Number of protein chains: 2
Amino acid sequence: MKPTVHDIARSAGVSLATVDRVLNARPGVREGTRVRVEEAIATLGYVRDVAAANLAKSRVYPFVFILPVNENPFMLGLRREVEEAIARSGAERTRIEVIDVPALESAALVAALDKVAAGDAAGVAFVAVDAPDVREAAGRVAAASIPMVTLVSDLSQSPRDHYAGIDNIAAGRTAATLMGRFLGSRKGRIVPLAGSLMVRDHRERLDGFAEVMRQNFPHLELLPAVEGRDDPALVEKLIGETLRQHPDICGIYSLGAGNHGLLPVLEAKPLSPKPVVILHELTEASSAALVNGTIDAVLNQDAGHEVRSAIRVLKAKADGLPVIAAQERIRIDIFLKDNLP
Amino acid sequence: MKPTVHDIARSAGVSLATVDRVLNARPGVREGTRVRVEEAIATLGYVRDVAAANLAKSRVYPFVFILPVNENPFMLGLRREVEEAIARSGAERTRIEVIDVPALESAALVAALDKVAAGDAAGVAFVAVDAPDVREAAGRVAAASIPMVTLVSDLSQSPRDHYAGIDNIAAGRTAATLMGRFLGSRKGRIVPLAGSLMVRDHRERLDGFAEVMRQNFPHLELLPAVEGRDDPALVEKLIGETLRQHPDICGIYSLGAGNHGLLPVLEAKPLSPKPVVILHELTEASSAALVNGTIDAVLNQDAGHEVRSAIRVLKAKADGLPVIAAQERIRIDIFLKDNLP
DNA sequence: AAAAAGCTGAGGTACGTAAATCAGATTTTT
DNA sequence: AAAAATCTGATTTACGTACCTCAGCTTTTT
């Protein structure tokens with residue numbers, strides 16, 4: 001049978017209250033007594049029953065999710081996953097507040113973080129904008145001892161407890177290897193399509209991609225990135241121009257969320273020979289394009305996993321418990337037409 | 001505030017005992033009263049607090065894992081993950097018993113399943129051998145209303161509640177597409193290396209692989225599968241012979257657990273031009289081979305996810321709760337040298 | 001030295017649910 | 001019609017932990 005506080009009390013020859021004071025580091029226990037209790041805890045191998053403790057405390061975890069207002073499919077999906085987590089709040093003893101902030105603006109994010117730092121949240125998850133003022137605000141959240149995880153986009157050199165997202169440099173490298181291997185001995189130019197290189201994840205993906213390209217596939221020329229601002233109309237225009245200007249394009253790497261502009265162009269007038277196209281983010285559109293052969297591979301991060309992982313980690317940090325590292329690693333999913341979900 | 005059984009009782013004008021009888025479908029409540037209580041439950045939007053219920057019941061989930069005794073790295077890893085789950089048993093209110101059975105023998109598996117069916121387990125997970133007598137034994141487990149998930153290898157047309165493993169046909173297809181695309185215009189023979197085609201997952205991988213090969217890459221000739229019984233020495237011998245016999249081999253697909261025999265052969269005398277090699281299961285050896293370029297891709301299933309998923313699903317089934325389908329889908333991980341964990 | 005203040009420990013109640021025991025009302029049996 | 005059996009509902013205790021209140025003891029203050 002699992003030992004309980006009663007067993008500890010009996011074994012150490014003290015009352016429940018004393019055991020409780022030792023367990024919860026409350027004052028009012030003589031040193032010698034404390035040691036006796038701690039020995040009993042160690043000998044019996046007592047572990048606190050978190051469920052019972054939460055029940056007794058009527059514990060709820062008030063978490064805050066700071067999400068950018070962004071119309072692209074990935075962010076909409078992320079938001080939906082947060083809403084599903086909110087729907088499960090009752091069962092999970094969480095209470096999740098969502099703060100909307102304009103995308104890519106650090107000022108609003110800083111304000112939101114400061115509001116969290118001043119409040120009584122048990123944890124905060126946010127999509128980071130990698131800027132100095134955000135880093136400072138994160139410092140204030142950490143100073144308030146509020147667990148903090150970055151979501152999707154990380155904040156470098158910050159005191160966040162955890163990053164729930166993929167390694168974007170690795171994603172770019174992976175895309176490059178797939179691109180190079182799929183092209184084989186074909187020669188030509190590769191065009192990367194980003195949303196904005198001011199965004200850290202886009203920049204990292206491009207960096208990883210460019211490095212592997214240069215190193216392993218020097219016969220392929222990498223064009224400067226087209227920045228489409230993830231705006232379908234703009235992407236359509238810019239990509240159309242680029243393709244006209246460079247008839248020898250043999251590869252396209254769309255590392256942002258501009259697929260709604262890219263796919264129509266590719267489907268309207270298929271190039272010959274068909275370029276190798278690799279996208280990020282699995283959506284209905286990209287899934288269909290994979291099936292009909294317009295594109296060749298999709299790299300994906302699972303927003304549902306990211307949200308659930310963020311919540312698990314925040315809970316664990318709030319309770320000072322360890323996390324299962326392997327469970328919380330967000331993987332880069334690679335989809336070909338053969339392994340679609 | 002979340003409504004509790006007390007709120008229901010007050011709202012319906014009955015006692016706690018009556019609410020409890022309705023909630024747990026116990027007899028002894030007049031039809032009219034039952035309806036009143038159910039209406040109160042619906043109006044207030046009551047949901048049972050599973051943690052509190054488990055506490056009151058002193059609930060533990062006695063689960064049984066039936067694992068084949070098998071020395072290959074994947075099965076050893078699976079076993080280690082089950083052991084880690086056992087280490088977490090206290091916190092998760094589980095009590096996990098492991099039954100060892102000889103690999104690939106349906107008789108021992110049937111005996112183990114029958115033992116489970118006769119016992120008081122709250123759920124069972126097992127690595128299925130796809131045979132009629134196993135199917136029948138599974139039927140007896142289902143008849144005893146014991147939740148049941150297959151692990152790693154599925155049991156067709158069986159009453160299992162869930163399958164915690166990858167889609168092996170899709171895995172084979174994915175391997176074929178990667179193989180074909182990596183080879184580009186190269187011509188030659190492809191050799192599949194299996195453990196045994198009597199094992200369902202190996203057969204399915206081969207089937208998926210062969211179909212895509214035939215359909216999309218007809219210029220590549222698929223040799224009959226080499227069955228190496230996942231025995232390093234035997235694999236080394238057979239693969240050596242095959243390579244000598246067919247100097248034009250340009251692709252190797254190792255779909256079983258025979259990598260410890262294959263890798264030494266490839267590293268000892270590298271072929272030129274280097275064949276494209278795709279393996280299953282990420283281990284230290286395959287990871288190293290990926291980094292040094294001996295092999296080109298690794299398909300993997302995450303044993304830790306499979307075990308944790310199996311436990312989550314068994315718990316949910318035992319409590320009659322729904323599962324988060326997306327969370328429980330086991331994905332085919334594709335690793336290139338660029339996205340190793 | 002008496003009173004006040006702090007220290008240490010004991011006991012009890014609450015959290016939300018399950019389940020056993022108990023009490024009153026209704027129906028069935030003889 | 002009385003006794004027994006069955007229904008239906010109420011009360012109480014328990015699960016493991018947190019935390020509040022109170023009592024006895026020791027130390028400090030006046």
# chains A, B, ... in the order shown; residues from 1 in each chain; ligands from 1
call {"tool": "residues_around", "arguments": {"residues": "B:Val149", "least_positions_apart": "2", "cutoff": "10 Å", "atoms": "only C-alpha atoms (C1' of nucleotides)", "output": "number ranges by chain"}}
result
B: 65, 123-128, 146-147, 151-152, 154-155, 159-165, 309-311, 313-314, 317
call {"tool": "interface_residues", "arguments": {"of": "chain A", "to": "chain D", "cutoff": "9 Å", "atoms": "only C-alpha atoms (C1' of nucleotides)", "output": "MDAnalysis selection string"}}
result
chainID A and resid 4:5 20 48:57
call {"tool": "interface_residues", "arguments": {"of": "chain C", "to": "chain A", "cutoff": "9 Å", "atoms": "only C-alpha atoms (C1' of nucleotides)", "output": "VMD selection string"}}
result
chain C and resid 7 to 10 14 to 16
call {"tool": "closest_atom_pairs", "arguments": {"of": "chain B", "to": "chain A", "cutoff": "10 Å", "atoms": "only C-alpha atoms", "output": "Markdown table"}}
result
| residue | atom | partner | partner_atom | distance |
| --- | --- | --- | --- | --- |
| B:Met1 | CA | A:Gly90 | CA | 10.0 |
| B:Lys2 | CA | A:Gly90 | CA | 7.5 |
| B:Tyr46 | CA | A:Gly90 | CA | 9.9 |
| B:Val47 | CA | A:Gly90 | CA | 7.9 |
| B:Arg48 | CA | A:Ala91 | CA | 8.2 |
| B:Asp49 | CA | A:Ala91 | CA | 6.6 |
| B:Val50 | CA | A:Ala91 | CA | 7.3 |
| B:Ala51 | CA | A:Ala51 | CA | 5.9 |
| B:Ala52 | CA | A:Leu55 | CA | 6.7 |
| B:Asn54 | CA | A:Ala51 | CA | 8.9 |
| B:Leu55 | CA | A:Ala52 | CA | 6.7 |
| B:Ala56 | CA | A:Ala52 | CA | 9.7 |
| B:Gly90 | CA | A:Lys2 | CA | 7.5 |
| B:Ala91 | CA | A:Asp49 | CA | 6.8 |
| B:Glu92 | CA | A:Ala51 | CA | 9.5 |
| B:Arg93 | CA | A:Asp49 | CA | 9.5 |
| B:Asp167 | CA | A:Asn339 | CA | 8.4 |
| B:Asn168 | CA | A:Asn339 | CA | 9.8 |
| B:Ile169 | CA | A:Asp338 | CA | 9.1 |
| B:Ala170 | CA | A:Asn339 | CA | 5.3 |
| B:Ala171 | CA | A:Asn339 | CA | 6.8 |
| B:Gly172 | CA | A:Asp338 | CA | 8.7 |
| B:Arg173 | CA | A:Asp338 | CA | 5.7 |
| B:Thr174 | CA | A:Asp338 | CA | 5.2 |
| B:Ala175 | CA | A:Asp338 | CA | 8.9 |
| B:Ala176 | CA | A:Asp338 | CA | 9.2 |
| B:Thr177 | CA | A:Asp338 | CA | 7.7 |
| B:Leu178 | CA | A:Phe182 | CA | 8.4 |
| B:Met179 | CA | A:Phe182 | CA | 9.8 |
| B:Gly180 | CA | A:Phe182 | CA | 8.9 |
| B:Arg181 | CA | A:Phe182 | CA | 5.2 |
| B:Phe182 | CA | A:Arg181 | CA | 5.2 |
| B:Leu183 | CA | A:Gly184 | CA | 7.4 |
| B:Gly184 | CA | A:Gly184 | CA | 5.9 |
| B:Ser185 | CA | A:Gly184 | CA | 8.2 |
| B:Arg186 | CA | A:Gly184 | CA | 9.5 |
| B:Gly208 | CA | A:Asp338 | CA | 9.3 |
| B:Val212 | CA | A:Asp338 | CA | 9.0 |
| B:Asp296 | CA | A:Arg181 | CA | 9.8 |
| B:Asp302 | CA | A:Ala326 | CA | 9.6 |
| B:Gly304 | CA | A:Gln327 | CA | 7.6 |
| B:His305 | CA | A:Gln327 | CA | 7.1 |
| B:Arg308 | CA | A:Gln327 | CA | 9.0 |
| B:Ala326 | CA | A:Gly304 | CA | 7.9 |
| B:Gln327 | CA | A:His305 | CA | 7.1 |
| B:Arg329 | CA | A:Pro341 | CA | 8.4 |
| B:Ile330 | CA | A:Pro341 | CA | 9.7 |
| B:Arg331 | CA | A:Pro341 | CA | 8.2 |
| B:Ile332 | CA | A:Asn339 | CA | 7.4 |
| B:Asp333 | CA | A:Asp333 | CA | 6.7 |
| B:Ile334 | CA | A:Ile334 | CA | 6.3 |
| B:Phe335 | CA | A:Ile334 | CA | 8.6 |
| B:Leu336 | CA | A:Thr174 | CA | 6.8 |
| B:Lys337 | CA | A:Thr174 | CA | 7.9 |
| B:Asp338 | CA | A:Thr174 | CA | 5.2 |
| B:Asn339 | CA | A:Ala170 | CA | 5.3 |
| B:Leu340 | CA | A:Ala170 | CA | 8.4 |
| B:Pro341 | CA | A:Arg331 | CA | 8.2 |
call {"tool": "select_by_dssp", "arguments": {"residues": "stretch 262-296 of chain B", "states": "strand (DSSP E or B)", "output": "PyMOL selection string"}}
result
chain B and resi 276-280
call {"tool": "select_by_dssp", "arguments": {"residues": "stretch 105-260 of chain A", "states": "alpha helix (DSSP H)", "output": "MDAnalysis selection string"}}
result
chainID A and resid 106:118 132:143 168:183 200:216 232:245 259:260
call {"tool": "atom_distance", "arguments": {"atom1": "atom CA of A:Leu266", "atom2": "atom CA of A:Ala285"}}
result
12.5 Å
call {"tool": "atom_distance", "arguments": {"atom1": "atom CA of A:Lys187", "atom2": "atom CA of A:Glu221"}}
result
8.3 Å
call {"tool": "residues_around", "arguments": {"residues": "stretch 267-270 of chain B", "least_positions_apart": "2", "cutoff": "10 Å", "atoms": "only C-alpha atoms (C1' of nucleotides)", "output": "ChimeraX atom specification"}}
result
/B:262-265,272-275,289,292-295
call {"tool": "residues_around", "arguments": {"residues": "B:Ile96", "least_positions_apart": "5", "cutoff": "8 Å", "atoms": "only C-alpha atoms (C1' of nucleotides)", "output": "ChimeraX atom specification"}}
result
/B:62-65,86,89
call {"tool": "write_last_selection", "arguments": {"atoms": "C-alpha atoms", "output": "PDB file, in the first residue's frame"}}
result
ATOM      1  CA  PRO B  62      -4.741  -2.744 -12.605  1.00  0.00           C
ATOM      2  CA  PHE B  63      -3.439  -3.055 -16.151  1.00  0.00           C
ATOM      3  CA  VAL B  64      -1.677  -5.941 -17.818  1.00  0.00           C
ATOM      4  CA  PHE B  65       0.942  -5.553 -20.523  1.00  0.00           C
ATOM      5  CA  ILE B  86       5.524   1.308 -13.795  1.00  0.00           C
ATOM      6  CA  SER B  89       2.422   4.052 -11.217  1.00  0.00           C
TER       7      SER B  89
END
call {"tool": "residues_around", "arguments": {"residues": "A:His202", "least_positions_apart": "3", "cutoff": "10 Å", "atoms": "only C-alpha atoms (C1' of nucleotides)", "output": "PyMOL selection string"}}
result
chain A and resi 153+168-169+172+193-199+205-207+254-257
call {"tool": "residues_around", "arguments": {"residues": "B:Arg189", "least_positions_apart": "4", "cutoff": "6 Å", "atoms": "only C-alpha atoms (C1' of nucleotides)", "output": "list in words"}}
result
Leu220, Glu221, Leu222, Ile249 and Cys250 of chain B
call {"tool": "decode", "arguments": {"residues": "stretch 27-142 of chain B", "atoms": "C-alpha atoms", "output": "mmCIF file, in the first residue's frame"}}
result
data_model
loop_
_atom_site.group_PDB
_atom_site.id
_atom_site.type_symbol
_atom_site.label_atom_id
_atom_site.label_comp_id
_atom_site.auth_asym_id
_atom_site.auth_seq_id
_atom_site.Cartn_x
_atom_site.Cartn_y
_atom_site.Cartn_z
ATOM 1 C CA PRO B 27 -31.066 0.520 -8.868
ATOM 2 C CA GLY B 28 -33.489 1.898 -6.335
ATOM 3 C CA VAL B 29 -34.701 5.168 -7.815
ATOM 4 C CA ARG B 30 -38.248 5.783 -8.983
ATOM 5 C CA GLU B 31 -38.560 6.711 -12.632
ATOM 6 C CA GLY B 32 -39.958 10.173 -11.930
ATOM 7 C CA THR B 33 -37.181 10.973 -9.464
ATOM 8 C CA ARG B 34 -34.561 9.724 -11.863
ATOM 9 C CA VAL B 35 -35.846 12.047 -14.540
ATOM 10 C CA ARG B 36 -35.822 15.016 -12.152
ATOM 11 C CA VAL B 37 -32.237 14.299 -11.205
ATOM 12 C CA GLU B 38 -31.184 13.879 -14.804
ATOM 13 C CA GLU B 39 -32.778 17.178 -15.671
ATOM 14 C CA ALA B 40 -30.910 18.885 -12.864
ATOM 15 C CA ILE B 41 -27.677 17.336 -14.090
ATOM 16 C CA ALA B 42 -28.327 18.601 -17.602
ATOM 17 C CA THR B 43 -29.432 22.070 -16.511
ATOM 18 C CA LEU B 44 -26.499 22.656 -14.218
ATOM 19 C CA GLY B 45 -24.058 21.134 -16.668
ATOM 20 C CA TYR B 46 -22.596 18.814 -14.071
ATOM 21 C CA VAL B 47 -19.494 16.816 -14.889
ATOM 22 C CA ARG B 48 -18.083 14.292 -12.500
ATOM 23 C CA ASP B 49 -14.765 15.180 -10.881
ATOM 24 C CA VAL B 50 -12.779 12.122 -11.839
ATOM 25 C CA ALA B 51 -9.959 12.887 -9.425
ATOM 26 C CA ALA B 52 -12.313 13.115 -6.472
ATOM 27 C CA ALA B 53 -14.166 10.001 -7.579
ATOM 28 C CA ASN B 54 -10.937 8.071 -7.861
ATOM 29 C CA LEU B 55 -9.924 9.261 -4.446
ATOM 30 C CA ALA B 56 -13.205 8.180 -2.923
ATOM 31 C CA LYS B 57 -12.998 4.804 -4.599
ATOM 32 C CA SER B 58 -9.304 4.460 -3.779
ATOM 33 C CA ARG B 59 -9.264 3.599 -7.425
ATOM 34 C CA VAL B 60 -6.257 1.968 -8.952
ATOM 35 C CA TYR B 61 -6.198 0.753 -12.510
ATOM 36 C CA PRO B 62 -4.741 -2.744 -12.605
ATOM 37 C CA PHE B 63 -3.439 -3.055 -16.151
ATOM 38 C CA VAL B 64 -1.677 -5.941 -17.818
ATOM 39 C CA PHE B 65 0.942 -5.553 -20.523
ATOM 40 C CA ILE B 66 1.727 -8.696 -22.482
ATOM 41 C CA LEU B 67 5.145 -8.320 -24.080
ATOM 42 C CA PRO B 68 7.079 -10.677 -26.310
ATOM 43 C CA VAL B 69 10.497 -11.740 -25.114
ATOM 44 C CA ASN B 70 12.571 -10.377 -27.926
ATOM 45 C CA GLU B 71 16.117 -9.148 -27.909
ATOM 46 C CA ASN B 72 15.858 -6.546 -30.644
ATOM 47 C CA PRO B 73 16.438 -2.909 -29.746
ATOM 48 C CA PHE B 74 12.890 -1.836 -30.412
ATOM 49 C CA MET B 75 11.316 -4.403 -28.124
ATOM 50 C CA LEU B 76 13.905 -3.717 -25.465
ATOM 51 C CA GLY B 77 13.018 -0.035 -25.742
ATOM 52 C CA LEU B 78 9.330 -0.795 -25.499
ATOM 53 C CA ARG B 79 9.951 -2.826 -22.387
ATOM 54 C CA ARG B 80 11.974 0.004 -20.880
ATOM 55 C CA GLU B 81 9.108 2.401 -21.532
ATOM 56 C CA VAL B 82 6.696 0.057 -19.788
ATOM 57 C CA GLU B 83 9.073 -0.038 -16.865
ATOM 58 C CA GLU B 84 9.144 3.743 -16.736
ATOM 59 C CA ALA B 85 5.369 3.728 -16.716
ATOM 60 C CA ILE B 86 5.524 1.308 -13.795
ATOM 61 C CA ALA B 87 7.820 3.743 -12.017
ATOM 62 C CA ARG B 88 5.140 6.406 -12.440
ATOM 63 C CA SER B 89 2.422 4.052 -11.217
ATOM 64 C CA GLY B 90 2.007 5.736 -7.873
ATOM 65 C CA ALA B 91 1.220 9.113 -9.334
ATOM 66 C CA GLU B 92 -0.975 7.695 -12.090
ATOM 67 C CA ARG B 93 -3.016 5.315 -9.928
ATOM 68 C CA THR B 94 -2.016 2.408 -12.126
ATOM 69 C CA ARG B 95 -0.666 -1.003 -11.199
ATOM 70 C CA ILE B 96 0.958 -2.565 -14.192
ATOM 71 C CA GLU B 97 1.714 -6.239 -14.449
ATOM 72 C CA VAL B 98 3.929 -7.430 -17.264
ATOM 73 C CA ILE B 99 3.422 -10.908 -18.679
ATOM 74 C CA ASP B 100 6.278 -12.184 -20.801
ATOM 75 C CA VAL B 101 5.490 -14.464 -23.690
ATOM 76 C CA PRO B 102 7.773 -16.053 -26.289
ATOM 77 C CA ALA B 103 7.838 -13.947 -29.456
ATOM 78 C CA LEU B 104 5.657 -14.953 -32.379
ATOM 79 C CA GLU B 105 3.996 -17.857 -30.570
ATOM 80 C CA SER B 106 0.268 -17.507 -30.458
ATOM 81 C CA ALA B 107 -0.258 -20.258 -27.864
ATOM 82 C CA ALA B 108 1.477 -18.409 -25.051
ATOM 83 C CA LEU B 109 -0.241 -15.181 -25.996
ATOM 84 C CA VAL B 110 -3.612 -16.936 -25.947
ATOM 85 C CA ALA B 111 -2.879 -18.345 -22.506
ATOM 86 C CA ALA B 112 -1.921 -14.885 -21.251
ATOM 87 C CA LEU B 113 -5.064 -13.333 -22.673
ATOM 88 C CA ASP B 114 -7.212 -16.011 -21.098
ATOM 89 C CA LYS B 115 -5.551 -15.372 -17.772
ATOM 90 C CA VAL B 116 -6.429 -11.705 -18.154
ATOM 91 C CA ALA B 117 -10.011 -12.512 -19.141
ATOM 92 C CA ALA B 118 -10.392 -14.580 -15.987
ATOM 93 C CA GLY B 119 -8.831 -11.935 -13.769
ATOM 94 C CA ASP B 120 -9.865 -8.542 -12.527
ATOM 95 C CA ALA B 121 -7.676 -6.338 -14.740
ATOM 96 C CA ALA B 122 -9.040 -2.939 -15.694
ATOM 97 C CA GLY B 123 -7.415 -3.227 -19.083
ATOM 98 C CA VAL B 124 -4.864 -5.091 -21.138
ATOM 99 C CA ALA B 125 -2.339 -4.054 -23.763
ATOM 100 C CA PHE B 126 -0.594 -6.607 -25.906
ATOM 101 C CA VAL B 127 1.605 -6.960 -28.934
ATOM 102 C CA ALA B 128 -0.642 -8.969 -31.197
ATOM 103 C CA VAL B 129 0.238 -11.988 -33.231
ATOM 104 C CA ASP B 130 -2.281 -11.958 -36.043
ATOM 105 C CA ALA B 131 -3.710 -15.461 -35.766
ATOM 106 C CA PRO B 132 -7.212 -16.930 -35.455
ATOM 107 C CA ASP B 133 -6.709 -18.366 -31.970
ATOM 108 C CA VAL B 134 -5.476 -15.005 -30.716
ATOM 109 C CA ARG B 135 -8.523 -13.378 -32.261
ATOM 110 C CA GLU B 136 -10.735 -15.809 -30.359
ATOM 111 C CA ALA B 137 -8.923 -15.176 -27.091
ATOM 112 C CA ALA B 138 -9.384 -11.440 -27.664
ATOM 113 C CA GLY B 139 -13.063 -12.153 -28.053
ATOM 114 C CA ARG B 140 -13.098 -13.736 -24.597
ATOM 115 C CA VAL B 141 -11.343 -10.708 -23.111
ATOM 116 C CA ALA B 142 -13.949 -8.462 -24.729
#
